[in-house]
Amino acid sequence: MHGISSRGRVVRSAYGASVAGLLLGAVMLLGSSNALAQSSTVVISKSTRLDVRQSPYYKGYDFYAGRADQGTPGDGEIHPWHVQGNVWLMAGEPGESNVAVQVGNAGVLVVDTGTQAMAPKLLAAIQKLAAEYGGEQKAIHWVINTDGLMDHVGGNYIVRNGGNTIVGSNFQFDNPGLTPGATVIGNLNLLTRIPQPLWPNETHTEPIYSWDFNDEAVRLYHPVSANTDGNEMVLFRRSDVLATGDVLSMVHYPVIDSKRGGSIDGELAALNQAMELAVADFHMGPQEGGTMIVPGHGRLCDQADLVEYTIIVTTIRNRVMYYKNRGKSLQQVLAMKPTWDFDDRWGESTGSWTSRQFVQAVYDTLPARGKGKDRFAMPAMAGG
Ligand SMILES: [Zn+2]
């Protein structure tokens with residue numbers, strides 16, 4: 001309960017006391033299902049509604065963005081930004097997605113490869129970074145894919161061929177054998193999703209997969225069903241950096257690809273897992289600092305951003321669940337605009353991932369209402 005009460009403190013300071021109840025309910029996936037309905041302690045009514053524009057993380061507010069985006073005036077170039085420890089963010093979003101790079105004495109590890117079109121530039125930027133900050137080994141040895149979407153894996157072939165793989169054990173490290181091409185690692189499910197030339201050449205299916213590189217534990221967390229069924233989140237344990245892939249986006253609501261095994265509840269499970277992996281620095285202020293988080297898209301984050309995003313996604317999920325369980329059709333739920341009070345910050349009416357697409361994905365992937373007690377029913381105190 002310690003973690004939940006500390007989350008409560010933060011949101012109370014950001015939005016006022018009435019939201020603390022919402023947070024507790026949201027994070028625990030319990031209450032707040034009736035947010036568009038009548039009154040209760042967590043209802044979002046005209047007087048008490050959560051106004052994201054009052055949040056310090058509203059998109060108009062330059063929090064980490066100013067730093068992460070420094071030197072990226074939309075110039076089409078890639079600007080490495082030091083996150084912390086051994087990890088860098090290749091700011092400028094090679095192909096609209098974030099690429100994280102770990103550089104150390106043993107060589108280079110790359111998380112995602114952007115689009116194919118940007119890959120030569122990305123490779124050159126990584127090699128320059130390695131020349132400047134690398135140790136004895138400067139080659140790219142590892143590439144991790146956080147999902148199978150082309151804006152994340154499009155550069156696989158080019159980046160892989162820009163590196164090599166160490167063969168032999170660590171005991172031979174002083175004189176390692178090298179074979180051309182880095183090792184690209186991803187979830188097994190990617191093989192059915194992406195063209196063969198871009199395939200990872202090492203796949204796994206475990207929920208957690210770890211190894212040591214550059215003197216730190218690198219841990220892959222595979223959520224069963226988040227945006228797709230092929231996601232990875234990457235934790236650099238000593239640098240204290242978490243790359244979430246599309247599980248967290250600072251650009252829009254999470255993309256949930258139901259045709260590729262994604263689901264809203266899997267997405268929330270992944271967000272909650274990320275929240276547990278991230279630790280805030282309480283000396284800096286509640287929920288801020290500590291673990292740095294590289295989202296799939298948009299600016300660098302910390303735990304506070306993750307908490308806020310999780311609350312919002314949970315709230316929308318519970319609203320849709322409430323009405324779906326009462327027999328409302330998708331069209332009826334869409335007409336109620338269950339994202340309305342968050343759309344100013346997160347919504348899109350056009351483009352590749354609209355609010356309507358998100359609501360539809362939530363509606364479609366919610367589990368059918370089971371028999372027995374409805375744990376998302378309105379609380380008794382709501383009088384409904
Ligand atoms: Zn993405």
# chains A, B, ... in the order shown; residues from 1 in each chain; ligands from 1
$ residues_near_ligand --ligand "ligand 1" --cutoff "6 Å" --atoms "only C-alpha atoms and all ligand atoms" --output "PyMOL selection string"
chain A and resi 97+246+296
$ residues_around --residues "Trp353 in chain A" --least-positions-apart "5" --cutoff "10 Å" --atoms "only C-alpha atoms" --output "ChimeraX atom specification"
/A:251-256,347-348,358
$ residues_around --residues "Asn156 in chain A" --least-positions-apart "5" --cutoff "10 Å" --atoms "only C-alpha atoms" --output "mmCIF file with N, CA and C atoms, in the first residue's frame"
data_model
loop_
_atom_site.group_PDB
_atom_site.id
_atom_site.type_symbol
_atom_site.label_atom_id
_atom_site.label_comp_id
_atom_site.auth_asym_id
_atom_site.auth_seq_id
_atom_site.Cartn_x
_atom_site.Cartn_y
_atom_site.Cartn_z
ATOM 1 N N ASP A 112 15.196 -0.300 -30.416
ATOM 2 C CA ASP A 112 14.422 0.103 -31.593
ATOM 3 C C ASP A 112 15.297 0.808 -32.635
ATOM 4 N N THR A 113 14.803 0.785 -33.878
ATOM 5 C CA THR A 113 15.648 1.266 -34.970
ATOM 6 C C THR A 113 14.948 2.291 -35.863
ATOM 7 N N GLY A 114 13.794 2.809 -35.413
ATOM 8 C CA GLY A 114 13.120 3.847 -36.202
ATOM 9 C C GLY A 114 12.657 3.334 -37.555
ATOM 10 N N THR A 115 12.464 4.274 -38.474
ATOM 11 C CA THR A 115 12.015 3.883 -39.806
ATOM 12 C C THR A 115 13.206 3.535 -40.696
ATOM 13 N N GLN A 116 12.897 2.829 -41.750
ATOM 14 C CA GLN A 116 13.945 2.461 -42.709
ATOM 15 C C GLN A 116 14.561 3.713 -43.338
ATOM 16 N N ALA A 119 17.109 5.245 -41.092
ATOM 17 C CA ALA A 119 18.091 4.333 -40.500
ATOM 18 C C ALA A 119 19.557 4.698 -40.796
ATOM 19 N N VAL A 143 20.600 -5.228 -30.563
ATOM 20 C CA VAL A 143 19.458 -4.393 -30.949
ATOM 21 C C VAL A 143 18.236 -5.053 -30.332
ATOM 22 N N ILE A 144 17.426 -4.275 -29.620
ATOM 23 C CA ILE A 144 16.195 -4.818 -29.029
ATOM 24 C C ILE A 144 15.005 -4.189 -29.756
ATOM 25 N N ASN A 145 14.016 -4.976 -30.079
ATOM 26 C CA ASN A 145 12.781 -4.466 -30.688
ATOM 27 C C ASN A 145 11.668 -4.445 -29.638
ATOM 28 N N MET A 150 6.423 -0.787 -37.958
ATOM 29 C CA MET A 150 7.500 -0.399 -38.862
ATOM 30 C C MET A 150 8.221 0.880 -38.441
ATOM 31 N N ASN A 161 23.331 -4.529 -39.567
ATOM 32 C CA ASN A 161 24.508 -4.701 -40.415
ATOM 33 C C ASN A 161 25.606 -3.696 -40.113
ATOM 34 N N GLY A 162 25.252 -2.660 -39.342
ATOM 35 C CA GLY A 162 26.273 -1.709 -38.908
ATOM 36 C C GLY A 162 27.025 -2.194 -37.682
ATOM 37 N N ALA A 182 24.879 -7.294 -35.774
ATOM 38 C CA ALA A 182 24.510 -7.316 -34.362
ATOM 39 C C ALA A 182 23.433 -8.372 -34.134
ATOM 40 N N VAL A 184 19.835 -9.114 -33.039
ATOM 41 C CA VAL A 184 18.568 -8.401 -32.872
ATOM 42 C C VAL A 184 17.641 -9.301 -32.082
ATOM 43 N N PRO A 197 13.457 -9.738 -43.890
ATOM 44 C CA PRO A 197 14.762 -9.067 -43.769
ATOM 45 C C PRO A 197 14.895 -8.258 -42.472
ATOM 46 N N LEU A 198 13.767 -7.932 -41.858
ATOM 47 C CA LEU A 198 13.818 -7.131 -40.630
ATOM 48 C C LEU A 198 13.660 -7.993 -39.380
ATOM 49 N N TRP A 199 13.555 -9.292 -39.546
ATOM 50 C CA TRP A 199 13.338 -10.175 -38.404
ATOM 51 C C TRP A 199 14.433 -10.057 -37.354
ATOM 52 N N PRO A 200 14.039 -10.177 -36.079
ATOM 53 C CA PRO A 200 15.063 -10.411 -35.063
ATOM 54 C C PRO A 200 15.706 -11.772 -35.306
#
$ atom_distance --atom1 "CA of Asp305 in chain A" --atom2 "CA of Ala361 in chain A"
22.7 Å
$ residues_around --residues "range 80-92 of chain A" --least-positions-apart "5" --cutoff "6 Å" --atoms "only C-alpha atoms" --output "list in words"
Thr72, Val99, Ala100, Val101, Gln102, Val103 and Ser239 of chain A
$ write_last_selection --atoms "C-alpha atoms" --output "mmCIF file, in the first residue's frame"
data_model
loop_
_atom_site.group_PDB
_atom_site.id
_atom_site.type_symbol
_atom_site.label_atom_id
_atom_site.label_comp_id
_atom_site.auth_asym_id
_atom_site.auth_seq_id
_atom_site.Cartn_x
_atom_site.Cartn_y
_atom_site.Cartn_z
ATOM 1 C CA THR A 72 15.681 19.226 -32.345
ATOM 2 C CA VAL A 99 15.386 5.138 -29.985
ATOM 3 C CA ALA A 100 17.423 4.562 -26.812
ATOM 4 C CA VAL A 101 21.100 3.645 -26.913
ATOM 5 C CA GLN A 102 23.301 2.172 -24.178
ATOM 6 C CA VAL A 103 26.990 2.907 -24.657
ATOM 7 C CA SER A 239 21.553 3.369 -15.260
#
$ select_by_dssp --residues "range 181-211 of chain A" --states "strand (DSSP E)" --output "list of chain:residue names"
A:Thr183, A:Val184, A:Ile185, A:Gly186, A:Asn187, A:Glu202, A:Thr203, A:His204, A:Ile208, A:Tyr209, A:Ser210, A:Trp211
$ write_last_selection --atoms "C-alpha atoms" --output "CSV table (one decimal), in the first residue's frame"
chain,number,residue,atom,x,y,z
A,183,THR,CA,22.1,-9.6,-32.5
A,184,VAL,CA,18.6,-8.4,-32.9
A,185,ILE,CA,16.4,-9.6,-30.1
A,186,GLY,CA,12.6,-9.5,-29.8
A,187,ASN,CA,9.5,-11.4,-28.9
A,202,GLU,CA,17.1,-14.1,-31.5
A,203,THR,CA,13.6,-14.4,-30.1
A,204,HIS,CA,12.2,-15.3,-26.7
A,208,ILE,CA,11.3,-11.6,-18.2
A,209,TYR,CA,14.5,-12.1,-20.1
A,210,SER,CA,17.8,-10.8,-18.7
A,211,TRP,CA,21.5,-10.5,-19.5
$ select_by_dssp --residues "range 81-262 of chain A" --states "alpha helix (DSSP H)" --output "ChimeraX atom specification"
/A:119-133,150-153,156-161
